Amino acid sequence: MDKRVWFFALALAGSAALSACGGSSGGGSSSDNAGDDGSSGEVPAGRTFQIEPGPDATEDALTRFIDARPGDTIEFGCGFFQIDSTLLLTNTEAVTIKGCGMDRTVLSFRNNNNPEGLLVDDARGITIEGLTVADTDGNAFELRNVDHGTLRGVRAFWSSGGGRASADPITADNYQDGRLDVACTDPATQDPGALENNLPGADTTSPDYTVSDQAGRYGIYPVKSQNILVEESESIGASDAGIYVGQTSTAIIRDSRAAYNVFGFEIENVRHGEYSNNLAECNTGGFLIYDLDNLTQYGERTLMHDNVSRMNNTYNFTEGGFVSNVPPGSGMITLAYDRIDVYNNVFEDNNTAGIIHVSYELFPEGAGRPSDNKIDFYTEGMRIFDNEFRNNGNSLPVATTNDLLSQDITALLPALVGLKTQAGCVLPQNLGACLAPNTEHPEVNTGFRGAHIVWDGLLDEYDPDCPYPEDSKGEPVPEEENFEGKPRYTNEHPDPGCHYNAYKFHTDRDGDPRKKPLFFASCIDANNSFSDDSIKFANFHGTEGVNAAIALATGNAPTPEQLAEIQNFPADFDMSAHECDEAYGKNLGRIEPVEIPPFEPSVDIEPPPTPEEIAALCNADVAQGEVNFDAGRVDCPNLAQYNLFADPDDPTSEPNGKSFPFVLNTKLFSDYAVKYRVAFLPPGERATYMAPGADSPTGTIVFPTGTIIAKTFSFVEDGEEAHIETRLLIKREGNNGTARWRGLPYLWETDESGEPVANLKLAGATVATSWDFTDSYGKPQSGSTDSYSVPNANQCISCHANRDLEGGSAPIGPKVRNLNRPYQSESTVVTDQGRHPIAGNNQIAYLCDHGFLAGCPDDLGIDPNTQIATNLERLPRFDEPGDSGFQAGSDEDIEARARAYFEVNCHHCHNPDGFASNTGYFLDTFRRIDTSYGICKGPTAAGAEGSGGREVDVHPGDASSSIVEYRIGPEADTPAAKMPPISRSVVHAEGHALIRNWINNVVVADNDRYPGSESCAGN
C-alpha cells in the first residue's frame, strides 16, 4: 500500500472532520481485589535496612542495594528523597523494597544522570511496595530478567508539564499538597505543537495535568521476566506506556490505574497474561495487546476482564516506537496476537473506538509493517463478551499539519475510518445503524465517525508454497503447545523467507478453508451491551477502494484491479460473521486464568563475611612481590590490601605475582581515558584458550578461580597522568562450587598525609577531569568533563553479566580476537607496565609461551612484521584504516571497523543473553547484517527521547535518519538518550564519525547484501 493512500484520506477528511474536534468527559470507576500472588515459600530471615531522607540518602540506598542478600528488607522512611543515581538490585533473591505508602514515600530521580529509577535485573522473589518513583529520565520501575516479581501499591509519576524538565516539579515542599493525586476530567485532545491548534477554542490543555514528550518512557516495566504481579499501582504521565509487561510469561496486572500516559496498559509479546479490575483513563490509548517483531518471544493467550477504559482521548505526545502509531481515542487496540478473552469490561467515551482490531497488513511497507516473516500480522481468536460499550467513536481526532509534514501515516487512521464509515452510512441498508440520534455529538449523524468496535477486515490467505520453517541447524522450529502446527519462533530463528500459515487452514479439505473460529478474527457474543449513540461495529476493509478513489479524484481512470476493490471502500456494519455460535456452530473456549506458582527460594544461601573476617584477610602479611589472593574472597576497603602492584600508590607500576598486562584492538570508549589492564593468576594456575567465535560471540578466554583483573582509568594532561579509578573483577567460588565474578570500583583519592590511596566506593562516584595529549596514533586529544562516572558495584553487572557466561561481572574484553595484536601501552607516558616483557609481542603467543594460557593452537601463524596471529580470529582497530586486512577506506574496511566498534561498545548488552536482549538488536561481529543488526528495525523500548524522532536503528544511506547514530552522537544529551548509558559523558568523535560514514556510504538498500534493507529505503 502506498503512502499517498493515507494522505488522500486526510485530504478528503479535512472538512468533514472539523466539526468533530474536541474531547469528551465521563465518570470514574473502582475495582475489586482478587487472587493470590503465589509468593509463598520459606524465605530466609534477613536484615532490615532503614533509609531516611537527607543528603546521604543516595549513597545509603546504593550501599544497601549492592549489599542486599536473600531475606533482606530495604525500607525507605516517610518523606521526600532526592536520589541521584539509579538504584539497581541484581543477582539476589527474596528481597523486599518498601516505603510508607505511595503518597508518603516519594523517591525523586530528577537529578539522576542515568535513565532508570528502581531497576531490578537477574533476580528472584523481589517485592517492591508502598512508594512513588518520580521524574526519571527513562523508566521508573524496571524489572528485567526477574522470576517472581511483585509491585504492589507503587506509583510512577512525572511532574505535570515536562517531568524532570517541568517548571513546577514535585518537590519536598509540595509533594503533600495533593498534586500526586491526578484526576481525569477533561484531557487535552489536540496537540499544542500544531500551529492550527493554537487558535481560539482549541482543546490543547487539561485542567488536571499537562502531558509532555520530555517525561520518561515507561512507568512500570517488567520485561523478559516470568511470574510477575502488578497490583494496586498507578502510572501518571509516561511518554510511552504507563504499566507495561513485555516478553514475559505468566503475568497479572490488577487493581491498578494508568492516566495521562500515551498508552495506559501495554501488553507486548506476553505468554499467558491476565489483566483485571484496572482503570485506564485520559491516556492516548487505554489497553494495547499485541506482538512486536524480532523479539525474544511471541505472545499468546491473554485475559482482559473487569476493567474500565474511559476517555482515553489525550493527543499522542510521543515520537518513535510503536506507540507513536496510536490514534487518540482508543479504548483498546490489538494486533498480531492470538487468543484474547475480553469480558466484563466497560469501554466508554473513547473518541475513535472502544476496541480497534487491526493488523500489520494495514501499515505501508517501510512505515510500520514488519519485514520479519516470523511474526503473524493478525490477531485471531479474540472473544468479546459481557462488556458494556458507551459513547465510543463519536469524535474522531483530526490529523494536524505537523502530521502531514512529518508524514505520520498512522495519524490518518481515524480519518480513513471516518471516510469509510461515512461512505457506508449512505448505503440504504445501513441507514438504521448510522442515523440514530446523538444529541451530544450531532455531527456524527453524518456518518463521519468510528464505532464501538472497529476492525480492518484483513485476514491472510493460505500460502501453499511456504514450507514449515527450520532453525539455523536445519531442524524444524518447535511447535506452540496451545496451537497445533504453529511455529514457536524466537528472534534467534532465521527469517523463513515467507509467512508460514498452514496451521490456520484445513489443508486436507477442498478449498483449504480457514479453521474457524480459532483462526478467524473474533467472536462477538450477543451478551455485550452497546449504547445506541454509537455505531456498534464497523469493518472498514483496510485501504481497499482508496486507490480507485484517488484515481477518480485526480481525473484518472481506475485500473481493473482498483475497480474490483471499490465495492469495499464503504465500511460495512454486518457483524454476523463474528457471531460465532450461529456462524460456525461453536464458540471459542475460555482461556484458563493465570496462576503464579509459589516462589521457591534457593536452598544454598551463603552468609556475608563478618567485619572480623574481612579485616583478617585484607590486613594479612604477604611476601614482597606476591599478591594477597586470600583477600580476593572479600571486598577489601583499600586497593593496596590486595598487594597487586610493586608500588601500592601507583597502579601503573610493575604488577606482582603471576601477572601480565594486556591491551585490546578496539576498546570501550570511556571519555578518552587511557587504560591499564592487568590479569593476576593464582600460583600454579593457567587460563584456558577459548575462541568460540560465532558459536558464542560473548565468550572470552577462561580464567581460573581466584583470578583478579585490574583496570585503571587515567587521564593524560601536559605529559602527566591522573589516575581516577581502578576497577577489579575477582573470580570467586561459592560453597556450592559455582564460579562468580565480583566487580569492585576503587576511587583514587588523597589521604591525610597527601599520599594517593584507592578506596572502595561501592556506591560509585562522579568526578571532574580533563585531558590534553597525543594518542598512540599521533592524533591530538583534548577536552574535559564534570561528570565522569565511576560506576557502582551493581552497575558493573549491568554490562558484564551475560547469561551465557560465568555468573556476576564476568570479563567481556579479553576475547582472542580482541587480544590478537602486539602489546603496546595505550599511554604515551612511560611506565613499568609499558616496559613489561610482553611489550612488542603478540599477546596470545606470549601468554601461550610463558605458561599463562593452556590449550593453545599449535600454529598461531605469527607474522613477524606485524606480530598478528594470522591463523586466529581478529577484530580490527576501529580507528586505523586498513587494519581490517581490506584496502584502507574500502567499503569492506569501513564495515569491518564499524562492526568492531559496535561489538566492543555495544555488544556486551546488545546480545541475546545481555542486558539489552529485550530489544532484539544484536551487534556481534559474526552476525549477518540484517534486521537483527538494526537494518530498518524499529525501536522496541527507546521511547521519544531515545529515538530522537527517528524510525529505525539503521536507515540505509542516511545516518541522520538512524537511531543508532543519534544515540552515540552529540544530539543525545540526556541520560535516556545517550548510548552507552554508563561509560561515557562526552561524545566519542572518532567512533561517531566512523558509524556515520558506514551508514551513509556503505549500507545500501539491497536485500541480497543487507536483508530487510529495502523495507525502509523509501522513507
# chains A, B, ... in the order shown; residues from 1 in each chain; ligands from 1
call {"tool": "residues_around", "arguments": {"residues": "stretch 625-636 of chain A", "least_positions_apart": "5", "cutoff": "7 Å", "atoms": "only C-alpha atoms", "output": "number ranges by chain"}}
result
A: 614, 617-618, 641-644, 646, 656-657, 682, 706, 730, 732
call {"tool": "residues_around", "arguments": {"residues": "A:His357", "least_positions_apart": "2", "cutoff": "8 Å", "atoms": "only C-alpha atoms", "output": "PyMOL selection string"}}
result
chain A and resi 333-335+355+359+379+453-456
call {"tool": "write_last_selection", "arguments": {"atoms": "all heavy atoms", "output": "compact mmCIF listing (two decimals), in the first residue's frame"}}
result
# COMPACT_ATOMS: atom_id res chain seq x y z
N ILE A 333 -6.53 -1.52 21.70
CA ILE A 333 -6.01 -1.89 20.38
C ILE A 333 -5.38 -3.26 20.48
O ILE A 333 -4.69 -3.58 21.46
CB ILE A 333 -4.97 -0.88 19.87
CG1 ILE A 333 -5.60 0.50 19.67
CG2 ILE A 333 -4.35 -1.35 18.56
CD1 ILE A 333 -4.62 1.57 19.20
N THR A 334 -5.60 -4.07 19.45
CA THR A 334 -4.88 -5.34 19.37
C THR A 334 -4.47 -5.59 17.93
O THR A 334 -5.17 -5.21 16.98
CB THR A 334 -5.73 -6.52 19.88
OG1 THR A 334 -4.94 -7.72 19.80
CG2 THR A 334 -6.99 -6.71 19.07
N LEU A 335 -3.31 -6.20 17.79
CA LEU A 335 -2.85 -6.70 16.50
C LEU A 335 -1.77 -7.75 16.74
O LEU A 335 -1.06 -7.73 17.75
CB LEU A 335 -2.32 -5.58 15.60
CG LEU A 335 -0.96 -4.95 15.89
CD1 LEU A 335 -0.50 -4.15 14.67
CD2 LEU A 335 -1.03 -4.00 17.08
N ILE A 355 -12.90 -0.64 20.88
CA ILE A 355 -11.89 -1.64 20.53
C ILE A 355 -11.49 -1.43 19.08
O ILE A 355 -12.35 -1.32 18.20
CB ILE A 355 -12.41 -3.07 20.73
CG1 ILE A 355 -12.72 -3.34 22.21
CG2 ILE A 355 -11.40 -4.10 20.21
CD1 ILE A 355 -13.32 -4.72 22.48
N SER A 359 -4.35 -5.06 11.89
CA SER A 359 -3.23 -5.96 11.62
C SER A 359 -2.08 -5.15 11.04
O SER A 359 -2.25 -4.01 10.58
CB SER A 359 -3.64 -7.04 10.62
OG SER A 359 -3.92 -6.45 9.36
N THR A 379 -4.26 -10.48 14.67
CA THR A 379 -4.86 -11.01 15.89
C THR A 379 -6.02 -11.91 15.49
O THR A 379 -6.92 -11.49 14.76
CB THR A 379 -5.37 -9.88 16.80
OG1 THR A 379 -4.25 -9.26 17.45
CG2 THR A 379 -6.31 -10.42 17.87
N ILE A 453 -16.73 -0.99 18.11
CA ILE A 453 -15.69 -1.93 17.70
C ILE A 453 -15.36 -1.66 16.24
O ILE A 453 -16.25 -1.61 15.39
CB ILE A 453 -16.15 -3.40 17.86
CG1 ILE A 453 -16.51 -3.69 19.32
CG2 ILE A 453 -15.07 -4.36 17.38
CD1 ILE A 453 -17.10 -5.09 19.54
N VAL A 454 -14.08 -1.45 15.96
CA VAL A 454 -13.61 -1.19 14.61
C VAL A 454 -12.65 -2.31 14.21
O VAL A 454 -11.76 -2.67 14.98
CB VAL A 454 -12.90 0.18 14.52
CG1 VAL A 454 -12.13 0.31 13.23
CG2 VAL A 454 -13.91 1.31 14.67
N TRP A 455 -12.84 -2.87 13.03
CA TRP A 455 -11.97 -3.94 12.51
C TRP A 455 -11.50 -3.57 11.12
O TRP A 455 -12.29 -3.04 10.31
CB TRP A 455 -12.75 -5.26 12.49
CG TRP A 455 -11.96 -6.43 11.95
CD1 TRP A 455 -10.66 -6.75 12.20
CD2 TRP A 455 -12.45 -7.46 11.07
NE1 TRP A 455 -10.30 -7.90 11.54
CE2 TRP A 455 -11.37 -8.36 10.84
CE3 TRP A 455 -13.68 -7.69 10.46
CZ2 TRP A 455 -11.50 -9.48 10.01
CZ3 TRP A 455 -13.81 -8.81 9.64
CH2 TRP A 455 -12.73 -9.70 9.43
N ASP A 456 -10.24 -3.87 10.82
CA ASP A 456 -9.75 -3.54 9.48
C ASP A 456 -10.15 -4.58 8.43
O ASP A 456 -9.88 -4.39 7.23
CB ASP A 456 -8.23 -3.34 9.47
CG ASP A 456 -7.43 -4.60 9.78
OD1 ASP A 456 -8.02 -5.69 9.89
OD2 ASP A 456 -6.19 -4.49 9.90
call {"tool": "select_by_dssp", "arguments": {"residues": "stretch 171-264 of chain A", "states": "helix (DSSP H, G or I)", "output": "ChimeraX atom specification"}}
result
/A:195-198
call {"tool": "select_by_dssp", "arguments": {"residues": "stretch 208-429 of chain A", "states": "strand (DSSP E or B)", "output": "PyMOL selection string"}}
result
chain A and resi 220-223+226-231+234-236+241-246+249-254+257-259+263-268+271-276+279-281+285-290+300-305+308-310+330-335+338-343+346-348+353-357+365+369+380-385+388-390
call {"tool": "closest_residue", "arguments": {"among": "A:Gly285, A:Gly354, A:Pro487, A:Pro791", "to": "A:Val323", "atoms": "only C-alpha atoms"}}
result
A:Gly285
call {"tool": "decode", "arguments": {"residues": "stretch 898-921 of chain A", "atoms": "C-alpha atoms", "output": "CSV table (one decimal), in the first residue's frame"}}
result
chain,number,residue,atom,x,y,z
A,898,ALA,CA,32.4,-0.3,12.3
A,899,ARG,CA,31.5,-3.8,13.3
A,900,ALA,CA,34.5,-3.9,15.7
A,901,TYR,CA,33.3,-0.6,17.2
A,902,PHE,CA,29.8,-1.9,17.7
A,903,GLU,CA,30.9,-5.2,19.2
A,904,VAL,CA,33.2,-3.6,21.8
A,905,ASN,CA,31.0,-0.6,22.7
A,906,CYS,CA,27.5,-2.2,22.4
A,907,HIS,CA,27.5,-6.0,22.0
A,908,HIS,CA,28.1,-6.7,25.7
A,909,CYS,CA,24.5,-5.6,26.3
A,910,HIS,CA,23.1,-6.0,22.8
A,911,ASN,CA,23.2,-9.8,22.5
A,912,PRO,CA,20.6,-12.5,23.1
A,913,ASP,CA,21.8,-13.0,26.7
A,914,GLY,CA,22.8,-9.5,27.6
A,915,PHE,CA,21.1,-6.6,29.4
A,916,ALA,CA,19.5,-5.3,26.2
A,917,SER,CA,18.4,-8.7,24.9
A,918,ASN,CA,14.8,-7.4,25.0
A,919,THR,CA,15.5,-5.0,22.2
A,920,GLY,CA,16.2,-7.8,19.6
A,921,TYR,CA,19.1,-5.6,18.4
